[in-house]
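Single-structure report; data block below.
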Amino acid sequence: MSEAAQVTPPLLEVDNLVTHFPIRSGLLKRTTGWVKAVDGVSLSVQPNETVGIVGESGCGKTTLGRTILRLIEPTAGSIKVRGEDVVAASSGRLRELRKEMQMVFQDPYASLNPRMPVHDIVSEPLRIHGTSKNEARDRAGEYLEAVGLLPEHGNRYPHEFSGGQRQRVGIARALTLEPDLIILDEPVSALDVSIQAQVINLLEDLQQRFKLSYLFIAHDLSVVRHISDRVVVMYLGKVAEVADRDELYASPGHPYTQALLSAVPVPDPEIEATRERIVLHGDIPSPADPPSGCCFRTRCPIATELCANETPALKEVEPDHWVACHFSSI
Amino acid sequence: MNVSGSTNQPLLEVDNMSVGFRAKKKPTAQAVRGVSYSIERGETLAIVGESGSGKSVSAMAMLGLLPSSAEITGQVRLEGVDLLALTPKELRTYRGRRIAMIFQDPMTAFHPAFTIGNQIAETITVHGLANKKQALSRAAELLELVGVPEPGVRVNQYPHEYSGGMRQRAMVAMAIANKPDLLIADEPTTALDVTIQAQVMEVLANIQKEVNAALILITHDLGVVASVADRVQVMYGGRIVERADVRPLFRAPRNPYTRGLLTSLPRVDGARDNRLIPIPGSPPSILAMPPGCAFAPRCSYRTEVCDASAADLQMVVDGHESRCHHNADLPEWTPLQTGSES
């Protein structure tokens, strides 16, 4: 990564990003603690690359996505888009920067305004950025076609569409400003299997056609494996492991990644009959009160005293393969 | 309730069950259309399908859990007794006693104002099987059995004090409290994270073996099906479209819909790296079912006969049934080249 980085700077570079939410309680609403939703995350996305972020509920993957767009203000750390600082940007400049970074949300039922016809939903970003109403409408029609809907669908309202079609509308809306990066937060997890595959294929086509980079946030390891070039595994607000897709799935170094991968059942009874499964014990700790040292140690099958005392750093165990574990298997 | 003289009778027989929902000024919505199957003690039958396929409604119907707008026909016989013909009062003696249900959403399935222990104990006392005190200590034992830590403390806690995975385990404990003959689990792990899902499925499978219950597992997750089911039936448009033992079903699926589901699925083990092959279009609305085969509008093997009439569920090879007019001329299924390791 180091030499290539000299030639083309990463499209997105996140360094040591921290997002903490205050816990307020009592009559005076004093801050009595912090939920460490994102706690020192670094990652980069190259042009035309798909980076997958996987983790279970509460690992901070959604907060990370929203913080990168500054829909949530970061507590510390830096976010750079083509080298430009997003955290320090003024609100006017931020609006310009958001043209290059768009978002697709998980819930296609809640993320579209039910009172707006689809044309208006898709063209609204353009109108906000000063395109005339007629031109915005024409362009919206083009993008509706690009996501596999008909231009005349634009006159309908969201409730007239199925879940898969609504998600296509959300994708069309993200495309209209011709962004370079789209942050997709669980874009297919609300969809049935047969529809999910349609949307995944669409995302792959659009990436080629419009030269897009994706930050693909999901909990489904099979989907992430399919679509990503590189994968970041998160646990309790921290990065546990980063590697190229094939490397990560073939030889995971972090015990958490190993457990995650072994927990996913494979749709093949013959493989399932012989597969060894690592079943983790216990629940995910609260991000308001994470364990000392390594945050995974309370569920880790190989944890020792060292893990309670010392937080493992994210180390490069192989070229471009980073693991945050004292006892990485690589 | 000793079983005598019913040696060859399956535990549960569902016979030509249909469920429709009446609505004003609208045609009756046919959610389930003529479903028949049976299940034996100790067996796990997976019912697979996407939203709107009728998989949950068919289970709710046999337990009398549907609203009064539902019109249910057919028979559901538990050791010969037709559950659909019972009065609500009679049915209550079966529910939670001989048949128990595990619901998808552990957040809403418990009453928030009663302790978990009280709610588990109630399923025992309501059938007059123990007094309150015995039932409460039984509740603690059950919680221990499903792997809830510190059951003595946890039994007195309220649902909000439990995590999602723990609540789902408490629901399993409640379901098995009276050692039912039949367990119905409706998407029991869908709301859970994968590592927690693995824990709960393990608990459920072990407990089913222990009490030798029959398990009907309703799910859309083909991975879960492959790991726990003995037999599988696939539903589409309110009908069973394919049924087989789990291995033949995955090794050589016979119905175009089942094949489409499998080619749509990305695989975590890397058995499929090429492009996904989705099923085009979307499932039919239950208010406007196609007149012939419900899958015909999305099927690549569709011909005139498919639009004209629905096929019957036919035995294709030994023990493997499929509902398709093209059973005989469907091309061979090309299995995925599965990864040698992982």
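By order of appearance in the structure tokens: chains A, B, ..., then residues from 1 within every chain, and ligands from 1 in the order shown.
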Might you pull out every residue within 7 Å of Arg298 (chain B), with only C-alpha atoms counted and same-chain residues fewer than 4 positions away left off, and present them as a CSV table (one decimal) with N, CA, C and O atoms, in the first residue's frame?
chain,number,residue,atom,x,y,z
B,279,ILE,N,-33.0,-14.3,-8.9
B,279,ILE,CA,-34.3,-14.6,-9.6
B,279,ILE,C,-34.9,-13.3,-10.0
B,279,ILE,O,-35.0,-12.4,-9.2
B,280,PRO,N,-35.2,-13.1,-11.3
B,280,PRO,CA,-35.8,-11.8,-11.7
B,280,PRO,C,-37.1,-11.5,-11.1
B,280,PRO,O,-37.8,-12.5,-10.6
B,281,GLY,N,-37.5,-10.3,-11.1
B,281,GLY,CA,-38.8,-9.9,-10.6
B,281,GLY,C,-39.0,-10.0,-9.1
B,281,GLY,O,-38.0,-10.2,-8.4
Report task. Using only C-alpha atoms, find which residues of chain B lie within 8 Å of chain A and jot them down as a ChimeraX atom specification. Result -> /B:50-51,163,165,193-199,220,222-227,246-247,250-251,260-261,264-270,273,275-282,342
If we count only C-alpha atoms and set the cut-off at 7 Å, which residues sit around Val18 (chain A), ignoring sequence neighbours fewer than 3 positions away in its own chain? Please answer as a PDB file with C-alpha atoms, in the first residue's frame.
ATOM      1  CA  VAL A  38     -16.033   4.207  17.619  1.00  0.00           C
ATOM      2  CA  ASP A  39     -12.766   4.094  19.480  1.00  0.00           C
ATOM      3  CA  GLY A  40      -9.702   4.761  17.376  1.00  0.00           C
ATOM      4  CA  VAL A  41     -10.478   3.417  13.909  1.00  0.00           C
ATOM      5  CA  PRO A  74     -16.396  12.915  15.568  1.00  0.00           C
ATOM      6  CA  THR A  75     -14.908  13.270  19.042  1.00  0.00           C
ATOM      7  CA  ALA A  76     -11.331  13.062  17.765  1.00  0.00           C
ATOM      8  CA  GLY A  77      -9.287  11.860  14.817  1.00  0.00           C
TER       9      GLY A  77
END
**Report entry** Residues flagged strand (DSSP E) by DSSP in region 201-290 of chain A, as number ranges by chain
**Finding:** A: 213-218, 230-235, 238-244
Query - Selection near Tyr257 (chain B), 10 Å with only C-alpha atoms, sequence-local residues under 3 positions removed, as a VMD selection string - result: (chain A and resid 194) or (chain B and resid 49 234 to 236 241 to 242 253 to 254 260 to 263 279 295 to 296 298 to 300 323 to 324)
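Between Glu318 (chain A) and the candidates A:Glu247, A:Lys99, A:Pro291, A:Ala146, the tightest atom-to-atom separation, counting only C-alpha atoms, involves A:Glu247.
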Based on DSSP run over this structure's backbone, return all residues of region 73-285 of chain A in alpha helix (DSSP H), as a compact mmCIF listing (two decimals) with N, CA, C and O atoms, in the first residue's frame.
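What follows is the written file selection.txt:
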# COMPACT_ATOMS: atom_id res chain seq x y z
N SER A 91 -19.26 24.55 7.16
CA SER A 91 -20.51 23.90 6.74
C SER A 91 -20.72 24.05 5.23
O SER A 91 -21.23 23.14 4.59
N GLY A 92 -20.29 25.18 4.66
CA GLY A 92 -20.41 25.35 3.22
C GLY A 92 -19.53 24.38 2.46
O GLY A 92 -19.94 23.74 1.50
N ARG A 93 -18.31 24.26 2.94
CA ARG A 93 -17.36 23.36 2.30
C ARG A 93 -17.80 21.89 2.47
O ARG A 93 -17.64 21.08 1.55
N LEU A 94 -18.36 21.61 3.63
CA LEU A 94 -18.82 20.25 3.90
C LEU A 94 -19.90 19.84 2.90
O LEU A 94 -19.93 18.73 2.41
N ARG A 95 -20.77 20.82 2.60
CA ARG A 95 -21.82 20.52 1.63
C ARG A 95 -21.22 20.15 0.28
O ARG A 95 -21.67 19.22 -0.38
N GLU A 96 -20.16 20.87 -0.11
CA GLU A 96 -19.48 20.53 -1.36
C GLU A 96 -18.86 19.14 -1.29
O GLU A 96 -18.96 18.36 -2.23
N LEU A 97 -18.23 18.86 -0.13
CA LEU A 97 -17.57 17.56 0.01
C LEU A 97 -18.57 16.41 -0.01
O LEU A 97 -18.27 15.32 -0.47
N ARG A 98 -19.79 16.70 0.46
CA ARG A 98 -20.79 15.62 0.49
C ARG A 98 -21.25 15.24 -0.90
O ARG A 98 -21.83 14.17 -1.09
N VAL A 118 -41.27 9.71 -6.22
CA VAL A 118 -39.90 9.22 -6.36
C VAL A 118 -39.01 10.19 -7.15
O VAL A 118 -37.84 10.38 -6.84
N HIS A 119 -39.58 10.83 -8.18
CA HIS A 119 -38.82 11.83 -8.94
C HIS A 119 -38.21 12.88 -8.01
O HIS A 119 -37.05 13.26 -8.14
N ASP A 120 -39.04 13.39 -7.10
CA ASP A 120 -38.57 14.44 -6.20
C ASP A 120 -37.53 13.91 -5.23
O ASP A 120 -36.57 14.59 -4.90
N ILE A 121 -37.74 12.66 -4.77
CA ILE A 121 -36.77 12.08 -3.84
C ILE A 121 -35.40 11.98 -4.50
O ILE A 121 -34.39 12.36 -3.92
N VAL A 122 -35.41 11.51 -5.75
CA VAL A 122 -34.14 11.27 -6.43
C VAL A 122 -33.49 12.59 -6.87
O VAL A 122 -32.27 12.72 -6.88
N SER A 123 -34.31 13.58 -7.22
CA SER A 123 -33.72 14.82 -7.73
C SER A 123 -33.43 15.84 -6.63
O SER A 123 -32.76 16.85 -6.88
N GLU A 124 -33.89 15.58 -5.41
CA GLU A 124 -33.70 16.57 -4.35
C GLU A 124 -32.23 16.94 -4.12
O GLU A 124 -31.91 18.12 -3.99
N PRO A 125 -31.31 15.95 -4.10
CA PRO A 125 -29.90 16.35 -3.91
C PRO A 125 -29.44 17.34 -4.98
O PRO A 125 -28.71 18.29 -4.68
N LEU A 126 -29.89 17.15 -6.22
CA LEU A 126 -29.48 18.05 -7.30
C LEU A 126 -30.03 19.45 -7.07
O LEU A 126 -29.35 20.45 -7.26
N ARG A 127 -31.29 19.52 -6.67
CA ARG A 127 -31.91 20.83 -6.47
C ARG A 127 -31.24 21.56 -5.31
O ARG A 127 -31.00 22.77 -5.38
N ILE A 128 -30.89 20.81 -4.27
CA ILE A 128 -30.19 21.44 -3.15
C ILE A 128 -28.87 22.03 -3.62
O ILE A 128 -28.44 23.09 -3.16
N LYS A 133 -34.99 22.90 -11.73
CA LYS A 133 -35.95 21.85 -11.46
C LYS A 133 -36.13 20.90 -12.65
O LYS A 133 -36.18 19.69 -12.48
N ASN A 134 -36.21 21.50 -13.85
CA ASN A 134 -36.42 20.64 -15.02
C ASN A 134 -35.25 19.73 -15.30
O ASN A 134 -35.41 18.56 -15.58
N GLU A 135 -34.05 20.32 -15.20
CA GLU A 135 -32.87 19.50 -15.46
C GLU A 135 -32.75 18.39 -14.41
O GLU A 135 -32.43 17.25 -14.74
N ALA A 136 -33.03 18.77 -13.16
CA ALA A 136 -32.95 17.78 -12.08
C ALA A 136 -33.90 16.62 -12.35
O ALA A 136 -33.57 15.46 -12.14
N ARG A 137 -35.08 16.94 -12.86
CA ARG A 137 -36.06 15.90 -13.17
C ARG A 137 -35.57 14.97 -14.26
O ARG A 137 -35.71 13.75 -14.17
N ASP A 138 -34.98 15.56 -15.30
CA ASP A 138 -34.46 14.73 -16.39
C ASP A 138 -33.37 13.80 -15.89
O ASP A 138 -33.35 12.61 -16.20
N ARG A 139 -32.46 14.41 -15.10
CA ARG A 139 -31.34 13.60 -14.60
C ARG A 139 -31.86 12.49 -13.70
O ARG A 139 -31.37 11.36 -13.75
N ALA A 140 -32.86 12.80 -12.87
CA ALA A 140 -33.44 11.79 -11.99
C ALA A 140 -33.95 10.62 -12.81
O ALA A 140 -33.75 9.46 -12.46
N GLY A 141 -34.61 10.94 -13.94
CA GLY A 141 -35.11 9.89 -14.82
C GLY A 141 -33.99 9.00 -15.30
O GLY A 141 -34.11 7.76 -15.33
N GLU A 142 -32.85 9.63 -15.67
CA GLU A 142 -31.71 8.83 -16.13
C GLU A 142 -31.23 7.87 -15.05
O GLU A 142 -30.93 6.71 -15.32
N TYR A 143 -31.14 8.38 -13.82
CA TYR A 143 -30.61 7.53 -12.77
C TYR A 143 -31.61 6.45 -12.37
O TYR A 143 -31.22 5.36 -11.98
N LEU A 144 -32.89 6.74 -12.48
CA LEU A 144 -33.88 5.69 -12.22
C LEU A 144 -33.69 4.55 -13.21
O LEU A 144 -33.78 3.37 -12.87
N GLU A 145 -33.40 4.92 -14.48
CA GLU A 145 -33.14 3.87 -15.46
C GLU A 145 -31.87 3.11 -15.12
O GLU A 145 -31.81 1.89 -15.27
N ALA A 146 -30.86 3.84 -14.66
CA ALA A 146 -29.58 3.19 -14.34
C ALA A 146 -29.73 2.14 -13.24
O ALA A 146 -29.00 1.16 -13.21
N GLY A 163 -39.81 -3.67 -1.38
CA GLY A 163 -38.58 -3.36 -0.65
C GLY A 163 -37.36 -3.24 -1.56
O GLY A 163 -36.56 -2.32 -1.44
N GLY A 164 -37.23 -4.18 -2.49
CA GLY A 164 -36.08 -4.16 -3.41
C GLY A 164 -36.09 -2.94 -4.29
O GLY A 164 -35.07 -2.30 -4.54
N GLN A 165 -37.29 -2.58 -4.78
CA GLN A 165 -37.39 -1.39 -5.64
C GLN A 165 -37.10 -0.13 -4.86
O GLN A 165 -36.47 0.80 -5.36
N ARG A 166 -37.56 -0.08 -3.60
CA ARG A 166 -37.28 1.09 -2.78
C ARG A 166 -35.79 1.25 -2.58
O ARG A 166 -35.26 2.36 -2.57
N GLN A 167 -35.10 0.11 -2.37
CA GLN A 167 -33.66 0.22 -2.18
C GLN A 167 -33.01 0.74 -3.46
O GLN A 167 -32.06 1.51 -3.40
N ARG A 168 -33.57 0.39 -4.62
CA ARG A 168 -33.05 0.93 -5.88
C ARG A 168 -33.25 2.45 -5.91
O ARG A 168 -32.38 3.18 -6.41
N VAL A 169 -34.38 2.92 -5.41
CA VAL A 169 -34.63 4.37 -5.37
C VAL A 169 -33.57 5.05 -4.49
O VAL A 169 -32.99 6.07 -4.86
N GLY A 170 -33.28 4.43 -3.33
CA GLY A 170 -32.26 4.98 -2.44
C GLY A 170 -30.90 5.03 -3.11
O GLY A 170 -30.12 5.97 -2.91
N ILE A 171 -30.59 4.03 -3.93
CA ILE A 171 -29.31 4.01 -4.64
C ILE A 171 -29.30 5.09 -5.72
O ILE A 171 -28.30 5.80 -5.88
N ALA A 172 -30.42 5.24 -6.43
CA ALA A 172 -30.50 6.28 -7.46
C ALA A 172 -30.27 7.65 -6.83
O ALA A 172 -29.56 8.50 -7.38
N ARG A 173 -30.85 7.88 -5.66
CA ARG A 173 -30.69 9.17 -4.98
C ARG A 173 -29.22 9.41 -4.63
O ARG A 173 -28.73 10.53 -4.76
N ALA A 174 -28.53 8.33 -4.23
CA ALA A 174 -27.12 8.49 -3.88
C ALA A 174 -26.27 8.77 -5.12
O ALA A 174 -25.20 9.37 -5.01
N LEU A 175 -26.75 8.33 -6.29
CA LEU A 175 -25.94 8.48 -7.51
C LEU A 175 -26.05 9.86 -8.16
O LEU A 175 -25.14 10.28 -8.87
N VAL A 193 -33.74 -13.13 -0.04
CA VAL A 193 -32.55 -13.65 -0.73
C VAL A 193 -32.55 -13.38 -2.23
O VAL A 193 -31.57 -12.93 -2.80
N SER A 194 -33.68 -13.67 -2.90
CA SER A 194 -33.68 -13.56 -4.36
C SER A 194 -33.54 -12.10 -4.78
O SER A 194 -32.96 -11.78 -5.81
N ILE A 195 -34.08 -11.19 -3.99
CA ILE A 195 -34.03 -9.76 -4.30
C ILE A 195 -32.65 -9.20 -3.92
O ILE A 195 -32.08 -8.36 -4.61
N GLN A 196 -32.12 -9.71 -2.82
CA GLN A 196 -30.79 -9.31 -2.36
C GLN A 196 -29.74 -9.50 -3.47
O GLN A 196 -28.93 -8.62 -3.74
N ALA A 197 -29.82 -10.64 -4.16
CA ALA A 197 -28.85 -10.91 -5.23
C ALA A 197 -29.01 -9.91 -6.37
O ALA A 197 -28.03 -9.48 -6.97
N GLN A 198 -30.26 -9.51 -6.66
CA GLN A 198 -30.47 -8.49 -7.70
C GLN A 198 -29.76 -7.19 -7.34
O GLN A 198 -29.10 -6.57 -8.18
N VAL A 199 -29.91 -6.78 -6.09
CA VAL A 199 -29.34 -5.49 -5.67
C VAL A 199 -27.81 -5.57 -5.61
O VAL A 199 -27.12 -4.62 -6.01
N ILE A 200 -27.27 -6.71 -5.17
CA ILE A 200 -25.81 -6.86 -5.15
C ILE A 200 -25.24 -6.76 -6.57
O ILE A 200 -24.27 -6.05 -6.82
N ASN A 201 -25.89 -7.45 -7.51
CA ASN A 201 -25.41 -7.36 -8.90
C ASN A 201 -25.51 -5.94 -9.42
O ASN A 201 -24.61 -5.47 -10.13
N LEU A 202 -26.59 -5.25 -9.07
CA LEU A 202 -26.75 -3.86 -9.50
C LEU A 202 -25.61 -3.00 -8.97
O LEU A 202 -25.01 -2.21 -9.71
N LEU A 203 -25.28 -3.19 -7.69
CA LEU A 203 -24.20 -2.39 -7.10
C LEU A 203 -22.87 -2.66 -7.81
O LEU A 203 -22.09 -1.74 -8.06
N GLU A 204 -22.65 -3.91 -8.19
CA GLU A 204 -21.41 -4.23 -8.92
C GLU A 204 -21.39 -3.56 -10.29
O GLU A 204 -20.36 -3.03 -10.71
N ASP A 205 -22.52 -3.59 -10.97
CA ASP A 205 -22.59 -2.94 -12.29
C ASP A 205 -22.36 -1.44 -12.19
O ASP A 205 -21.63 -0.85 -12.99
N LEU A 206 -23.02 -0.81 -11.21
CA LEU A 206 -22.91 0.64 -11.07
C LEU A 206 -21.48 1.04 -10.73
O LEU A 206 -20.99 2.07 -11.18
N GLN A 207 -20.82 0.20 -9.94
CA GLN A 207 -19.44 0.51 -9.57
C GLN A 207 -18.56 0.59 -10.82
O GLN A 207 -17.76 1.51 -10.98
N GLN A 208 -18.73 -0.37 -11.72
CA GLN A 208 -17.96 -0.36 -12.97
C GLN A 208 -18.32 0.83 -13.83
O GLN A 208 -17.46 1.53 -14.34
N ARG A 209 -19.62 1.07 -13.96
CA ARG A 209 -20.07 2.08 -14.89
C ARG A 209 -19.69 3.48 -14.43
O ARG A 209 -19.29 4.32 -15.22
N PHE A 210 -19.83 3.75 -13.13
CA PHE A 210 -19.59 5.12 -12.65
C PHE A 210 -18.28 5.25 -11.89
O PHE A 210 -18.03 6.26 -11.24
N LEU A 221 -21.50 -11.97 6.64
CA LEU A 221 -20.14 -12.23 6.16
C LEU A 221 -20.10 -12.79 4.74
O LEU A 221 -19.13 -12.61 4.04
N SER A 222 -21.16 -13.47 4.34
CA SER A 222 -21.17 -14.01 2.98
C SER A 222 -21.30 -12.88 1.96
O SER A 222 -20.60 -12.87 0.94
N VAL A 223 -22.19 -11.94 2.25
CA VAL A 223 -22.38 -10.82 1.33
C VAL A 223 -21.11 -9.98 1.26
O VAL A 223 -20.66 -9.58 0.19
N VAL A 224 -20.49 -9.73 2.41
CA VAL A 224 -19.28 -8.92 2.44
C VAL A 224 -18.16 -9.61 1.66
O VAL A 224 -17.43 -8.99 0.89
N ARG A 225 -18.05 -10.92 1.81
CA ARG A 225 -17.03 -11.64 1.07
C ARG A 225 -17.25 -11.49 -0.42
O ARG A 225 -16.32 -11.31 -1.19
N HIS A 226 -18.52 -11.55 -0.82
CA HIS A 226 -18.82 -11.51 -2.24
C HIS A 226 -18.44 -10.17 -2.87
O HIS A 226 -17.91 -10.11 -3.96
N ILE A 227 -18.71 -9.09 -2.16
CA ILE A 227 -18.63 -7.78 -2.81
C ILE A 227 -17.32 -7.03 -2.54
O ILE A 227 -16.96 -6.13 -3.29
N ARG A 245 -9.66 -9.44 0.92
CA ARG A 245 -10.78 -10.34 1.08
C ARG A 245 -10.35 -11.81 1.16
O ARG A 245 -10.64 -12.51 2.13
N ASP A 246 -9.62 -12.28 0.14
CA ASP A 246 -9.28 -13.70 0.08
C ASP A 246 -8.40 -14.12 1.25
O ASP A 246 -8.58 -15.18 1.82
N GLU A 247 -7.46 -13.24 1.57
CA GLU A 247 -6.55 -13.50 2.69
C GLU A 247 -7.34 -13.62 4.00
O GLU A 247 -7.15 -14.55 4.77
N LEU A 248 -8.25 -12.67 4.22
CA LEU A 248 -8.99 -12.66 5.49
C LEU A 248 -9.86 -13.90 5.65
O LEU A 248 -9.92 -14.50 6.72
N TYR A 249 -10.54 -14.29 4.57
CA TYR A 249 -11.45 -15.43 4.69
C TYR A 249 -10.70 -16.76 4.69
O TYR A 249 -11.16 -17.74 5.26
N ALA A 250 -9.52 -16.78 4.05
CA ALA A 250 -8.77 -18.04 4.01
C ALA A 250 -7.94 -18.22 5.27
O ALA A 250 -7.86 -19.32 5.81
N PRO A 255 -8.68 -14.18 16.72
CA PRO A 255 -9.61 -15.21 17.19
C PRO A 255 -11.08 -14.81 17.00
O PRO A 255 -11.93 -15.69 16.81
N TYR A 256 -11.36 -13.51 17.03
CA TYR A 256 -12.74 -13.09 16.80
C TYR A 256 -13.16 -13.36 15.36
O TYR A 256 -14.24 -13.90 15.10
N THR A 257 -12.29 -13.00 14.42
CA THR A 257 -12.59 -13.26 13.01
C THR A 257 -12.78 -14.76 12.78
O THR A 257 -13.69 -15.19 12.07
N GLN A 258 -11.92 -15.56 13.41
CA GLN A 258 -12.03 -17.01 13.26
C GLN A 258 -13.38 -17.51 13.76
O GLN A 258 -14.04 -18.32 13.11
N ALA A 259 -13.80 -16.99 14.92
CA ALA A 259 -15.08 -17.43 15.49
C ALA A 259 -16.25 -16.97 14.62
O ALA A 259 -17.18 -17.73 14.37
N LEU A 260 -16.18 -15.73 14.14
CA LEU A 260 -17.24 -15.21 13.28
C LEU A 260 -17.40 -16.09 12.04
O LEU A 260 -18.49 -16.49 11.68
N LEU A 261 -16.27 -16.37 11.39
CA LEU A 261 -16.33 -17.14 10.15
C LEU A 261 -16.83 -18.56 10.41
O LEU A 261 -17.59 -19.11 9.61
N SER A 262 -16.45 -19.12 11.53
CA SER A 262 -16.89 -20.49 11.78
C SER A 262 -18.34 -20.55 12.23
O SER A 262 -18.97 -21.59 12.18
N ALA A 263 -18.89 -19.40 12.67
CA ALA A 263 -20.28 -19.39 13.15
C ALA A 263 -21.29 -19.33 12.01
O ALA A 263 -22.45 -19.68 12.19
N PRO A 269 -25.31 -29.18 3.43
CA PRO A 269 -25.39 -30.08 4.59
C PRO A 269 -24.17 -30.98 4.71
O PRO A 269 -23.81 -31.37 5.82
N GLU A 270 -23.55 -31.32 3.58
CA GLU A 270 -22.39 -32.22 3.68
C GLU A 270 -21.20 -31.53 4.33
O GLU A 270 -20.47 -32.14 5.12
N ILE A 271 -21.01 -30.25 4.02
CA ILE A 271 -19.94 -29.50 4.68
C ILE A 271 -20.31 -29.26 6.15
O ILE A 271 -19.49 -29.43 7.06
N GLU A 272 -21.57 -28.91 6.38
CA GLU A 272 -22.01 -28.62 7.75
C GLU A 272 -21.83 -29.82 8.68
O GLU A 272 -21.55 -29.66 9.86
N ALA A 273 -22.00 -31.02 8.14
CA ALA A 273 -21.94 -32.22 8.98
C ALA A 273 -20.54 -32.42 9.56
O ALA A 273 -20.39 -33.00 10.63
N THR A 274 -19.52 -31.93 8.86
CA THR A 274 -18.16 -32.20 9.32
C THR A 274 -17.45 -30.97 9.85
O THR A 274 -16.35 -31.05 10.35
Requested in this report: Considering only C-alpha atoms, return as a list in words whatever protein or nucleic-acid residues lie within 9 Å of Thr219 (chain B), sequence-local ones (same chain, fewer than 4 positions apart) excluded.
Outcome: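 In the requested format, the answer is Ala46, Ile47, Val48, Gly49, Glu50, Lys55, Ser56, Ala185, Asp186, Glu187, Pro188, Thr189, Thr190, Val224 and Val225 of chain B.
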Write a file of the selected residues as a PDB file, in the first residue's frame, keeping N, CA and C atoms.
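Wrote out.pdb, looks like this:
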ATOM      1  N   ALA B  46     -37.547 -28.417   8.229  1.00  0.00           N
ATOM      2  CA  ALA B  46     -37.390 -26.993   7.962  1.00  0.00           C
ATOM      3  C   ALA B  46     -38.402 -26.561   6.916  1.00  0.00           C
ATOM      4  N   ILE B  47     -39.070 -25.448   7.187  1.00  0.00           N
ATOM      5  CA  ILE B  47     -39.952 -24.862   6.179  1.00  0.00           C
ATOM      6  C   ILE B  47     -39.278 -23.582   5.708  1.00  0.00           C
ATOM      7  N   VAL B  48     -38.912 -23.557   4.427  1.00  0.00           N
ATOM      8  CA  VAL B  48     -38.124 -22.462   3.878  1.00  0.00           C
ATOM      9  C   VAL B  48     -38.981 -21.636   2.930  1.00  0.00           C
ATOM     10  N   GLY B  49     -38.795 -20.347   2.954  1.00  0.00           N
ATOM     11  CA  GLY B  49     -39.500 -19.511   1.994  1.00  0.00           C
ATOM     12  C   GLY B  49     -39.211 -18.056   2.276  1.00  0.00           C
ATOM     13  N   GLU B  50     -39.547 -17.192   1.320  1.00  0.00           N
ATOM     14  CA  GLU B  50     -39.310 -15.764   1.510  1.00  0.00           C
ATOM     15  C   GLU B  50     -40.551 -15.116   2.118  1.00  0.00           C
ATOM     16  N   LYS B  55     -45.152 -19.351   5.075  1.00  0.00           N
ATOM     17  CA  LYS B  55     -44.518 -20.285   6.008  1.00  0.00           C
ATOM     18  C   LYS B  55     -44.893 -20.009   7.460  1.00  0.00           C
ATOM     19  N   SER B  56     -44.946 -18.755   7.865  1.00  0.00           N
ATOM     20  CA  SER B  56     -45.318 -18.454   9.251  1.00  0.00           C
ATOM     21  C   SER B  56     -46.809 -18.624   9.480  1.00  0.00           C
ATOM     22  N   ALA B 185     -40.467 -23.372  15.746  1.00  0.00           N
ATOM     23  CA  ALA B 185     -39.584 -22.219  15.903  1.00  0.00           C
ATOM     24  C   ALA B 185     -39.677 -21.369  14.649  1.00  0.00           C
ATOM     25  N   ASP B 186     -40.180 -20.148  14.807  1.00  0.00           N
ATOM     26  CA  ASP B 186     -40.379 -19.260  13.659  1.00  0.00           C
ATOM     27  C   ASP B 186     -39.224 -18.267  13.601  1.00  0.00           C
ATOM     28  N   GLU B 187     -38.297 -18.469  12.679  1.00  0.00           N
ATOM     29  CA  GLU B 187     -37.108 -17.620  12.531  1.00  0.00           C
ATOM     30  C   GLU B 187     -36.449 -17.386  13.893  1.00  0.00           C
ATOM     31  N   PRO B 188     -36.071 -18.455  14.599  1.00  0.00           N
ATOM     32  CA  PRO B 188     -35.620 -18.281  15.977  1.00  0.00           C
ATOM     33  C   PRO B 188     -34.315 -17.521  16.113  1.00  0.00           C
ATOM     34  N   THR B 189     -33.520 -17.433  15.052  1.00  0.00           N
ATOM     35  CA  THR B 189     -32.219 -16.779  15.212  1.00  0.00           C
ATOM     36  C   THR B 189     -32.032 -15.587  14.290  1.00  0.00           C
ATOM     37  N   THR B 190     -33.085 -15.211  13.577  1.00  0.00           N
ATOM     38  CA  THR B 190     -32.934 -14.152  12.580  1.00  0.00           C
ATOM     39  C   THR B 190     -32.547 -12.819  13.203  1.00  0.00           C
ATOM     40  N   VAL B 224     -28.717 -22.139   7.993  1.00  0.00           N
ATOM     41  CA  VAL B 224     -29.257 -22.752   9.204  1.00  0.00           C
ATOM     42  C   VAL B 224     -29.946 -24.072   8.855  1.00  0.00           C
ATOM     43  N   VAL B 225     -30.686 -24.075   7.758  1.00  0.00           N
ATOM     44  CA  VAL B 225     -31.377 -25.289   7.319  1.00  0.00           C
ATOM     45  C   VAL B 225     -30.367 -26.410   7.092  1.00  0.00           C
TER      46      VAL B 225
END
Query raised in the report: Between CA of Gln104 (chain B) and CA of Gln168 (chain B), what is the distance, to one decimal in Å?
Result: 8.4 Å
Neighbour list for region 33-43 of chain B as a short mmCIF file (atom, residue, chain, number, x, y, z; two decimals) with C-alpha atoms, in the first residue's frame, cut-off 6 Å, only C-alpha atoms, skip fewer than 6 positions in-chain:
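Final output, out-v2.cif:
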data_model
loop_
_atom_site.label_atom_id
_atom_site.label_comp_id
_atom_site.auth_asym_id
_atom_site.auth_seq_id
_atom_site.Cartn_x
_atom_site.Cartn_y
_atom_site.Cartn_z
CA PRO B 10 -46.97 -39.67 12.61
CA LEU B 11 -46.94 -37.17 15.45
CA LEU B 12 -48.41 -34.37 13.37
CA GLU B 13 -50.28 -34.57 10.10
CA VAL B 14 -51.26 -31.43 8.25
CA ASP B 15 -53.86 -32.31 5.66
CA ASN B 16 -54.76 -29.95 2.84
CA MET B 17 -54.66 -26.83 5.01
CA SER B 18 -55.56 -23.50 3.45
CA ASN B 212 -37.25 -36.09 21.74
CA ALA B 213 -39.62 -33.47 20.35
CA ALA B 214 -40.42 -32.89 16.73
CA GLY B 238 -48.63 -20.36 -0.28
CA ARG B 239 -47.78 -23.81 -1.64
#
